[in-house]
Amino acid sequence: MEAMPSGGELSILTMDTSSNIIISISDKGVGMNEEQLKRLGEPYYSTKENHL
């Protein structure tokens with residue numbers, strides 16, 4: 001919701017293979033810059049200015 005303040009499209013695709021479950025999430029939001037992408041997945045990382 002915060003990535004798409006004017007509305008948009010959020011897609012969630014799931015696929016079950018013989019040995020894996022794949023979940024793909026995409027949206028039409030504002031995106032992330034290169035530095036944010038590098039930090040994606042770090043514990044406690046947030047792009048929000050004020051987070052608790």
# chains A, B, ... in the order shown; residues from 1 in each chain; ligands from 1
call {"tool": "residues_around", "arguments": {"residues": "segment 23-40 of chain A", "least_positions_apart": "4", "cutoff": "6 Å", "atoms": "only C-alpha atoms", "output": "PyMOL selection string"}}
result
chain A and resi 3-4+8-14
call {"tool": "write_last_selection", "arguments": {"atoms": "N, CA and C atoms", "output": "PDB file, in the first residue's frame"}}
result
ATOM      1  N   ALA A   3       3.893   1.515  -1.168  1.00  0.00           N
ATOM      2  CA  ALA A   3       4.658   1.595  -2.407  1.00  0.00           C
ATOM      3  C   ALA A   3       3.800   2.094  -3.569  1.00  0.00           C
ATOM      4  N   MET A   4       2.482   2.021  -3.407  1.00  0.00           N
ATOM      5  CA  MET A   4       1.566   2.432  -4.472  1.00  0.00           C
ATOM      6  C   MET A   4       0.508   3.382  -3.892  1.00  0.00           C
ATOM      7  N   GLY A   8      -2.709   0.799  -7.701  1.00  0.00           N
ATOM      8  CA  GLY A   8      -1.858   0.062  -8.629  1.00  0.00           C
ATOM      9  C   GLY A   8      -2.237  -1.401  -8.657  1.00  0.00           C
ATOM     10  N   GLU A   9      -1.302  -2.202  -9.087  1.00  0.00           N
ATOM     11  CA  GLU A   9      -1.552  -3.629  -9.227  1.00  0.00           C
ATOM     12  C   GLU A   9      -0.507  -4.412  -8.448  1.00  0.00           C
ATOM     13  N   LEU A  10      -0.962  -5.341  -7.634  1.00  0.00           N
ATOM     14  CA  LEU A  10      -0.104  -6.239  -6.883  1.00  0.00           C
ATOM     15  C   LEU A  10      -0.405  -7.653  -7.352  1.00  0.00           C
ATOM     16  N   SER A  11       0.630  -8.387  -7.740  1.00  0.00           N
ATOM     17  CA  SER A  11       0.445  -9.751  -8.229  1.00  0.00           C
ATOM     18  C   SER A  11       1.211 -10.718  -7.341  1.00  0.00           C
ATOM     19  N   ILE A  12       0.559 -11.822  -6.983  1.00  0.00           N
ATOM     20  CA  ILE A  12       1.202 -12.888  -6.222  1.00  0.00           C
ATOM     21  C   ILE A  12       0.994 -14.181  -7.004  1.00  0.00           C
ATOM     22  N   LEU A  13       2.099 -14.802  -7.386  1.00  0.00           N
ATOM     23  CA  LEU A  13       2.063 -16.029  -8.161  1.00  0.00           C
ATOM     24  C   LEU A  13       2.713 -17.134  -7.337  1.00  0.00           C
ATOM     25  N   THR A  14       2.051 -18.263  -7.232  1.00  0.00           N
ATOM     26  CA  THR A  14       2.636 -19.407  -6.537  1.00  0.00           C
ATOM     27  C   THR A  14       2.733 -20.586  -7.499  1.00  0.00           C
TER      28      THR A  14
END
call {"tool": "select_by_dssp", "arguments": {"residues": "chain A", "states": "strand (DSSP E)", "output": "ChimeraX atom specification"}}
result
/A:10-16,21-27
call {"tool": "select_by_dssp", "arguments": {"residues": "chain A", "states": "alpha helix (DSSP H)", "output": "VMD selection string"}}
result
chain A and resid 34 to 39
call {"tool": "write_last_selection", "arguments": {"atoms": "N, CA and C atoms", "output": "JSON list (two decimals), in the first residue's frame"}}
result
[["chain", "number", "residue", "atom", "x", "y", "z"],
["A", 34, "GLU", "N", 19.44, 1.53, -6.03],
["A", 34, "GLU", "CA", 20.49, 0.50, -6.01],
["A", 34, "GLU", "C", 20.94, 0.18, -4.58],
["A", 35, "GLU", "N", 21.11, 1.20, -3.74],
["A", 35, "GLU", "CA", 21.53, 0.98, -2.36],
["A", 35, "GLU", "C", 20.48, 0.19, -1.58],
["A", 36, "GLN", "N", 19.22, 0.51, -1.78],
["A", 36, "GLN", "CA", 18.15, -0.22, -1.11],
["A", 36, "GLN", "C", 18.13, -1.68, -1.56],
["A", 37, "LEU", "N", 18.32, -1.93, -2.84],
["A", 37, "LEU", "CA", 18.35, -3.30, -3.34],
["A", 37, "LEU", "C", 19.50, -4.10, -2.75],
["A", 38, "LYS", "N", 20.66, -3.46, -2.54],
["A", 38, "LYS", "CA", 21.81, -4.14, -1.95],
["A", 38, "LYS", "C", 21.52, -4.58, -0.53],
["A", 39, "ARG", "N", 20.72, -3.80, 0.19],
["A", 39, "ARG", "CA", 20.43, -4.10, 1.60],
["A", 39, "ARG", "C", 19.20, -4.98, 1.78]]
call {"tool": "decode", "arguments": {"residues": "segment 8-34 of chain A", "atoms": "C-alpha atoms", "output": "compact mmCIF listing (two decimals), in the first residue's frame"}}
result
# COMPACT_ATOMS: atom_id res chain seq x y z
CA GLY A 8 -1.86 0.06 -8.63
CA GLU A 9 -1.55 -3.63 -9.23
CA LEU A 10 -0.10 -6.24 -6.88
CA SER A 11 0.44 -9.75 -8.23
CA ILE A 12 1.20 -12.89 -6.22
CA LEU A 13 2.06 -16.03 -8.16
CA THR A 14 2.64 -19.41 -6.54
CA MET A 15 4.00 -22.53 -8.17
CA ASP A 16 4.54 -26.00 -6.72
CA THR A 17 7.24 -28.11 -8.35
CA SER A 18 8.23 -31.62 -7.33
CA SER A 19 10.86 -30.29 -4.90
CA ASN A 20 10.13 -26.58 -4.35
CA ILE A 21 7.41 -24.03 -3.77
CA ILE A 22 8.01 -20.77 -5.64
CA ILE A 23 6.34 -17.52 -4.57
CA SER A 24 6.68 -14.49 -6.82
CA ILE A 25 5.40 -11.07 -5.69
CA SER A 26 5.41 -8.01 -7.97
CA ASP A 27 3.82 -4.59 -7.93
CA LYS A 28 3.61 -1.39 -9.93
CA GLY A 29 5.07 0.69 -7.08
CA VAL A 30 7.78 3.35 -7.00
CA GLY A 31 10.61 0.81 -6.82
CA MET A 32 13.88 0.78 -4.91
CA ASN A 33 17.22 2.45 -5.65
CA GLU A 34 20.49 0.50 -6.01
